[in-house]
Amino acid sequence: MAYPDELTAFIGFFMTDVSVQNTGMGSKIINGLCAYLARIGMVNVRLGWVKGNPQAEHFWHKNGFKETGVTYDTENYTVIVAQRGL
Ligand SMILES: CC(C)(COP(=O)(O)OP(=O)(O)OC[C@H]1O[C@@H](n2cnc3c(N)ncnc32)[C@H](O)[C@@H]1OP(=O)(O)O)[C@@H](O)C(=O)NCCC(=O)NCCS
């Protein structure tokens with residue numbers, strides 16, 4: 001909560017069990033979470049995915065997240081930072 005600013009929530013890690021992947025479970029959880037965060041007054045949700053992970057990229061685009069233009073380079077991969085307004 002409140003990262004990188006007061007009105008933004010940051011999702012650090014998100015995955016669903018392989019047995020329920022592609023059944024709508026992930027989208028349901030994220031939409032429920034976003035509805036709750038909006039209710040308590042948050043304005044944005046932010047997260048990062050590893051560049052070149054099409055599964056994650058498609059999922060977050062489908063759920064309304066857009067690239068912010070910010071990226072972080074680590075030793076082994078690049079993180080794309082994306083955000084959704086609430
Ligand atoms: C990415 C993930 C969180 C999505 O959760 P989910 O419960 O499968 O999500 P939903 O069923 O609501 O959404 C399915 C969408 O996810 C993406 N997706 C899921 N599995 C995929 C796969 N094997 N290949 C490509 N895209 C995939 C697609 O965009 C798909 O949309 P579509 O139905 O229009 O094709 C989940 O598949 C997962 O945990 N994957 C493994 C770990 C991972 O990559 N995590 C990302 C961390 S940033």
# chains A, B, ... in the order shown; residues from 1 in each chain; ligands from 1
>>> closest_atom_pairs(of="chain A", to="ligand 1", cutoff="8 Å", atoms="only C-alpha atoms and all ligand atoms", output="CSV")
residue,atom,partner,partner_atom_place_in_ligand_line,distance
A:Phe13,CA,ligand 1,47 (C),6.1
A:Phe14,CA,ligand 1,47 (C),5.2
A:Met15,CA,ligand 1,39 (O),3.2
A:Thr16,CA,ligand 1,39 (O),4.0
A:Asp17,CA,ligand 1,39 (O),6.3
A:Val18,CA,ligand 1,39 (O),7.0
A:Val20,CA,ligand 1,7 (O),5.9
A:Gln21,CA,ligand 1,8 (O),3.3
A:Asn22,CA,ligand 1,11 (O),3.2
A:Thr23,CA,ligand 1,11 (O),4.1
A:Gly24,CA,ligand 1,11 (O),3.3
A:Met25,CA,ligand 1,7 (O),4.2
A:Gly26,CA,ligand 1,7 (O),3.3
A:Ser27,CA,ligand 1,12 (O),3.6
A:Lys28,CA,ligand 1,12 (O),6.3
A:Leu47,CA,ligand 1,48 (S),7.8
A:Gly48,CA,ligand 1,48 (S),6.4
A:Trp49,CA,ligand 1,48 (S),4.5
A:Val50,CA,ligand 1,48 (S),6.9
A:Asn53,CA,ligand 1,44 (O),6.8
A:Pro54,CA,ligand 1,25 (C),6.1
A:Gln55,CA,ligand 1,26 (N),3.7
A:Ala56,CA,ligand 1,46 (C),4.5
A:Glu57,CA,ligand 1,29 (O),7.1
A:His58,CA,ligand 1,29 (O),3.8
A:Phe59,CA,ligand 1,29 (O),3.6
A:Trp60,CA,ligand 1,29 (O),7.2
A:His61,CA,ligand 1,29 (O),7.5
A:Lys62,CA,ligand 1,29 (O),6.1
>>> write_last_selection(atoms="C-alpha atoms", output="PDB file, in the first residue's frame")
ATOM      1  CA  PHE A  13       3.811 -10.899  -6.962  1.00  0.00           C
ATOM      2  CA  PHE A  14       0.759 -12.582  -8.456  1.00  0.00           C
ATOM      3  CA  MET A  15       0.158 -16.054  -9.789  1.00  0.00           C
ATOM      4  CA  THR A  16      -2.650 -18.591  -9.902  1.00  0.00           C
ATOM      5  CA  ASP A  17      -2.290 -22.346  -9.500  1.00  0.00           C
ATOM      6  CA  VAL A  18      -1.721 -24.150 -12.801  1.00  0.00           C
ATOM      7  CA  VAL A  20      -7.065 -22.984 -12.514  1.00  0.00           C
ATOM      8  CA  GLN A  21      -5.068 -20.966 -15.037  1.00  0.00           C
ATOM      9  CA  ASN A  22      -7.075 -19.707 -18.016  1.00  0.00           C
ATOM     10  CA  THR A  23     -10.410 -20.179 -16.233  1.00  0.00           C
ATOM     11  CA  GLY A  24     -10.964 -16.503 -15.419  1.00  0.00           C
ATOM     12  CA  MET A  25      -9.802 -16.891 -11.808  1.00  0.00           C
ATOM     13  CA  GLY A  26      -6.890 -14.435 -12.070  1.00  0.00           C
ATOM     14  CA  SER A  27      -9.039 -11.726 -13.681  1.00  0.00           C
ATOM     15  CA  LYS A  28     -11.749 -12.231 -11.056  1.00  0.00           C
ATOM     16  CA  LEU A  47       3.023  -3.645 -10.857  1.00  0.00           C
ATOM     17  CA  GLY A  48       5.836  -5.006 -12.933  1.00  0.00           C
ATOM     18  CA  TRP A  49       6.301  -7.963 -15.268  1.00  0.00           C
ATOM     19  CA  VAL A  50       9.424  -9.457 -16.708  1.00  0.00           C
ATOM     20  CA  ASN A  53       6.861 -12.973 -20.620  1.00  0.00           C
ATOM     21  CA  PRO A  54       3.901 -12.933 -23.068  1.00  0.00           C
ATOM     22  CA  GLN A  55       1.631 -14.764 -20.623  1.00  0.00           C
ATOM     23  CA  ALA A  56       1.996 -12.011 -18.026  1.00  0.00           C
ATOM     24  CA  GLU A  57       1.900  -9.208 -20.598  1.00  0.00           C
ATOM     25  CA  HIS A  58      -1.350 -10.487 -22.178  1.00  0.00           C
ATOM     26  CA  PHE A  59      -2.948 -11.053 -18.803  1.00  0.00           C
ATOM     27  CA  TRP A  60      -2.191  -7.576 -17.432  1.00  0.00           C
ATOM     28  CA  HIS A  61      -3.160  -5.830 -20.696  1.00  0.00           C
ATOM     29  CA  LYS A  62      -6.436  -7.771 -20.671  1.00  0.00           C
TER      30      LYS A  62
END
>>> residues_around(residues="Met1 in chain A", least_positions_apart="6", cutoff="8 Å", atoms="only C-alpha atoms", output="JSON, numbers by chain")
{"A": [8, 9, 10]}
>>> residues_around(residues="Gly85 in chain A", least_positions_apart="4", cutoff="9 Å", atoms="only C-alpha atoms", output="number ranges by chain")
A: 43-46, 64-65
>>> select_by_dssp(residues="chain A", states="strand (DSSP E)", output="list in words")
Thr8, Ala9, Phe10, Ile11, Asn44, Val45, Arg46, Leu47, Gly48, Trp49, Val50, Lys66, Glu67, Thr68, Gly69, Val70, Thr71, Tyr72, Asp73, Thr78, Val79, Ile80, Val81, Ala82, Gln83, Arg84 and Gly85 of chain A
>>> write_last_selection(atoms="N, CA and C atoms", output="mmCIF file, in the first residue's frame")
data_model
loop_
_atom_site.group_PDB
_atom_site.id
_atom_site.type_symbol
_atom_site.label_atom_id
_atom_site.label_comp_id
_atom_site.auth_asym_id
_atom_site.auth_seq_id
_atom_site.Cartn_x
_atom_site.Cartn_y
_atom_site.Cartn_z
ATOM 1 N N THR A 8 -1.343 5.030 -4.428
ATOM 2 C CA THR A 8 -1.053 3.893 -5.312
ATOM 3 C C THR A 8 -0.766 2.634 -4.501
ATOM 4 N N ALA A 9 -1.379 1.525 -4.945
ATOM 5 C CA ALA A 9 -1.076 0.212 -4.363
ATOM 6 C C ALA A 9 -0.171 -0.522 -5.349
ATOM 7 N N PHE A 10 0.769 -1.307 -4.857
ATOM 8 C CA PHE A 10 1.717 -2.010 -5.720
ATOM 9 C C PHE A 10 1.582 -3.523 -5.501
ATOM 10 N N ILE A 11 1.307 -4.238 -6.575
ATOM 11 C CA ILE A 11 1.235 -5.703 -6.490
ATOM 12 C C ILE A 11 2.644 -6.243 -6.702
ATOM 13 N N ASN A 44 -4.604 4.369 -7.994
ATOM 14 C CA ASN A 44 -3.869 3.584 -8.995
ATOM 15 C C ASN A 44 -3.406 2.249 -8.426
ATOM 16 N N VAL A 45 -3.270 1.277 -9.311
ATOM 17 C CA VAL A 45 -2.597 0.024 -8.954
ATOM 18 C C VAL A 45 -1.435 -0.138 -9.924
ATOM 19 N N ARG A 46 -0.279 -0.494 -9.381
ATOM 20 C CA ARG A 46 0.935 -0.561 -10.189
ATOM 21 C C ARG A 46 1.581 -1.928 -10.001
ATOM 22 N N LEU A 47 2.319 -2.368 -10.969
ATOM 23 C CA LEU A 47 3.023 -3.645 -10.857
ATOM 24 C C LEU A 47 4.096 -3.730 -11.931
ATOM 25 N N GLY A 48 4.829 -4.804 -11.900
ATOM 26 C CA GLY A 48 5.836 -5.006 -12.933
ATOM 27 C C GLY A 48 5.782 -6.430 -13.459
ATOM 28 N N TRP A 49 6.124 -6.606 -14.751
ATOM 29 C CA TRP A 49 6.301 -7.963 -15.268
ATOM 30 C C TRP A 49 7.637 -8.028 -15.973
ATOM 31 N N VAL A 50 8.128 -9.265 -16.069
ATOM 32 C CA VAL A 50 9.424 -9.457 -16.708
ATOM 33 C C VAL A 50 9.241 -9.328 -18.222
ATOM 34 N N LYS A 66 -1.530 -0.627 -18.235
ATOM 35 C CA LYS A 66 -0.777 -0.081 -19.376
ATOM 36 C C LYS A 66 0.633 0.268 -18.928
ATOM 37 N N GLU A 67 1.584 0.089 -19.815
ATOM 38 C CA GLU A 67 2.975 0.407 -19.516
ATOM 39 C C GLU A 67 3.103 1.888 -19.150
ATOM 40 N N THR A 68 3.897 2.163 -18.110
ATOM 41 C CA THR A 68 4.125 3.548 -17.698
ATOM 42 C C THR A 68 5.297 4.172 -18.443
ATOM 43 N N GLY A 69 6.091 3.325 -19.087
ATOM 44 C CA GLY A 69 7.317 3.818 -19.722
ATOM 45 C C GLY A 69 8.529 3.620 -18.822
ATOM 46 N N VAL A 70 8.250 3.294 -17.538
ATOM 47 C CA VAL A 70 9.354 3.046 -16.604
ATOM 48 C C VAL A 70 9.784 1.582 -16.739
ATOM 49 N N THR A 71 11.072 1.338 -16.788
ATOM 50 C CA THR A 71 11.599 -0.037 -16.765
ATOM 51 C C THR A 71 12.751 -0.096 -15.767
ATOM 52 N N TYR A 72 12.967 -1.290 -15.208
ATOM 53 C CA TYR A 72 14.111 -1.495 -14.321
ATOM 54 C C TYR A 72 14.962 -2.611 -14.901
ATOM 55 N N ASP A 73 16.245 -2.366 -15.008
ATOM 56 C CA ASP A 73 17.152 -3.422 -15.464
ATOM 57 C C ASP A 73 17.771 -4.111 -14.270
ATOM 58 N N THR A 78 14.758 -7.507 -17.534
ATOM 59 C CA THR A 78 14.220 -6.144 -17.441
ATOM 60 C C THR A 78 12.781 -6.222 -16.947
ATOM 61 N N VAL A 79 12.417 -5.352 -16.005
ATOM 62 C CA VAL A 79 11.060 -5.292 -15.486
ATOM 63 C C VAL A 79 10.333 -4.114 -16.136
ATOM 64 N N ILE A 80 9.153 -4.407 -16.696
ATOM 65 C CA ILE A 80 8.295 -3.375 -17.289
ATOM 66 C C ILE A 80 7.290 -2.948 -16.222
ATOM 67 N N VAL A 81 7.233 -1.667 -15.906
ATOM 68 C CA VAL A 81 6.293 -1.179 -14.889
ATOM 69 C C VAL A 81 5.009 -0.721 -15.574
ATOM 70 N N ALA A 82 3.868 -1.238 -15.086
ATOM 71 C CA ALA A 82 2.567 -0.909 -15.681
ATOM 72 C C ALA A 82 1.599 -0.474 -14.579
ATOM 73 N N GLN A 83 0.531 0.200 -15.006
ATOM 74 C CA GLN A 83 -0.375 0.791 -14.023
ATOM 75 C C GLN A 83 -1.821 0.757 -14.539
ATOM 76 N N ARG A 84 -2.766 0.687 -13.611
ATOM 77 C CA ARG A 84 -4.195 0.787 -13.949
ATOM 78 C C ARG A 84 -4.815 1.835 -13.042
ATOM 79 N N GLY A 85 -5.574 2.746 -13.639
ATOM 80 C CA GLY A 85 -6.299 3.726 -12.843
ATOM 81 C C GLY A 85 -7.564 3.097 -12.294
#
>>> atom_distance(atom1="CA of Lys51 in chain A", atom2="CA of Glu75 in chain A")
13.1 Å
>>> atom_distance(atom1="CA of Leu37 in chain A", atom2="CA of Gly52 in chain A")
28.6 Å
>>> atom_distance(atom1="CA of Ile29 in chain A", atom2="CA of Pro4 in chain A")
22.3 Å
>>> decode(residues="chain A", atoms="C-alpha atoms", output="CSV table (one decimal), in the first residue's frame")
chain,number,residue,atom,x,y,z
A,1,MET,CA,0.0,0.0,0.0
A,2,ALA,CA,1.0,3.6,-0.6
A,3,TYR,CA,3.9,2.9,-3.0
A,4,PRO,CA,5.4,4.7,-4.8
A,5,ASP,CA,2.9,7.4,-3.6
A,6,GLU,CA,0.1,7.7,-1.1
A,7,LEU,CA,-2.7,6.8,-3.5
A,8,THR,CA,-1.1,3.9,-5.3
A,9,ALA,CA,-1.1,0.2,-4.4
A,10,PHE,CA,1.7,-2.0,-5.7
A,11,ILE,CA,1.2,-5.7,-6.5
A,12,GLY,CA,4.5,-7.4,-5.8
A,13,PHE,CA,3.8,-10.9,-7.0
A,14,PHE,CA,0.8,-12.6,-8.5
A,15,MET,CA,0.2,-16.1,-9.8
A,16,THR,CA,-2.6,-18.6,-9.9
A,17,ASP,CA,-2.3,-22.3,-9.5
A,18,VAL,CA,-1.7,-24.2,-12.8
A,19,SER,CA,-4.9,-26.2,-12.3
A,20,VAL,CA,-7.1,-23.0,-12.5
A,21,GLN,CA,-5.1,-21.0,-15.0
A,22,ASN,CA,-7.1,-19.7,-18.0
A,23,THR,CA,-10.4,-20.2,-16.2
A,24,GLY,CA,-11.0,-16.5,-15.4
A,25,MET,CA,-9.8,-16.9,-11.8
A,26,GLY,CA,-6.9,-14.4,-12.1
A,27,SER,CA,-9.0,-11.7,-13.7
A,28,LYS,CA,-11.7,-12.2,-11.1
A,29,ILE,CA,-9.3,-11.8,-8.2
A,30,ILE,CA,-7.7,-8.7,-9.8
A,31,ASN,CA,-11.0,-7.1,-10.5
A,32,GLY,CA,-12.2,-7.8,-7.0
A,33,LEU,CA,-9.0,-6.4,-5.6
A,34,CYS,CA,-9.2,-3.2,-7.8
A,35,ALA,CA,-12.9,-2.7,-6.8
A,36,TYR,CA,-11.9,-2.9,-3.1
A,37,LEU,CA,-8.9,-0.6,-3.5
A,38,ALA,CA,-11.1,2.0,-5.2
A,39,ARG,CA,-13.6,1.7,-2.4
A,40,ILE,CA,-11.0,2.6,0.2
A,41,GLY,CA,-9.8,5.6,-1.8
A,42,MET,CA,-6.8,4.3,-3.7
A,43,VAL,CA,-6.4,5.8,-7.2
A,44,ASN,CA,-3.9,3.6,-9.0
A,45,VAL,CA,-2.6,0.0,-9.0
A,46,ARG,CA,0.9,-0.6,-10.2
A,47,LEU,CA,3.0,-3.6,-10.9
A,48,GLY,CA,5.8,-5.0,-12.9
A,49,TRP,CA,6.3,-8.0,-15.3
A,50,VAL,CA,9.4,-9.5,-16.7
A,51,LYS,CA,10.0,-8.2,-20.3
A,52,GLY,CA,9.5,-11.1,-22.7
A,53,ASN,CA,6.9,-13.0,-20.6
A,54,PRO,CA,3.9,-12.9,-23.1
A,55,GLN,CA,1.6,-14.8,-20.6
A,56,ALA,CA,2.0,-12.0,-18.0
A,57,GLU,CA,1.9,-9.2,-20.6
A,58,HIS,CA,-1.4,-10.5,-22.2
A,59,PHE,CA,-2.9,-11.1,-18.8
A,60,TRP,CA,-2.2,-7.6,-17.4
A,61,HIS,CA,-3.2,-5.8,-20.7
A,62,LYS,CA,-6.4,-7.8,-20.7
A,63,ASN,CA,-7.0,-6.5,-17.1
A,64,GLY,CA,-6.5,-2.9,-18.0
A,65,PHE,CA,-2.9,-2.3,-17.1
A,66,LYS,CA,-0.8,-0.1,-19.4
A,67,GLU,CA,3.0,0.4,-19.5
A,68,THR,CA,4.1,3.5,-17.7
A,69,GLY,CA,7.3,3.8,-19.7
A,70,VAL,CA,9.4,3.0,-16.6
A,71,THR,CA,11.6,0.0,-16.8
A,72,TYR,CA,14.1,-1.5,-14.3
A,73,ASP,CA,17.2,-3.4,-15.5
A,74,THR,CA,18.4,-6.2,-13.2
A,75,GLU,CA,21.4,-8.4,-13.9
A,76,ASN,CA,19.3,-11.1,-15.6
A,77,TYR,CA,16.1,-9.4,-16.9
A,78,THR,CA,14.2,-6.1,-17.4
A,79,VAL,CA,11.1,-5.3,-15.5
A,80,ILE,CA,8.3,-3.4,-17.3
A,81,VAL,CA,6.3,-1.2,-14.9
A,82,ALA,CA,2.6,-0.9,-15.7
A,83,GLN,CA,-0.4,0.8,-14.0
A,84,ARG,CA,-4.2,0.8,-13.9
A,85,GLY,CA,-6.3,3.7,-12.8
A,86,LEU,CA,-9.2,2.9,-10.5
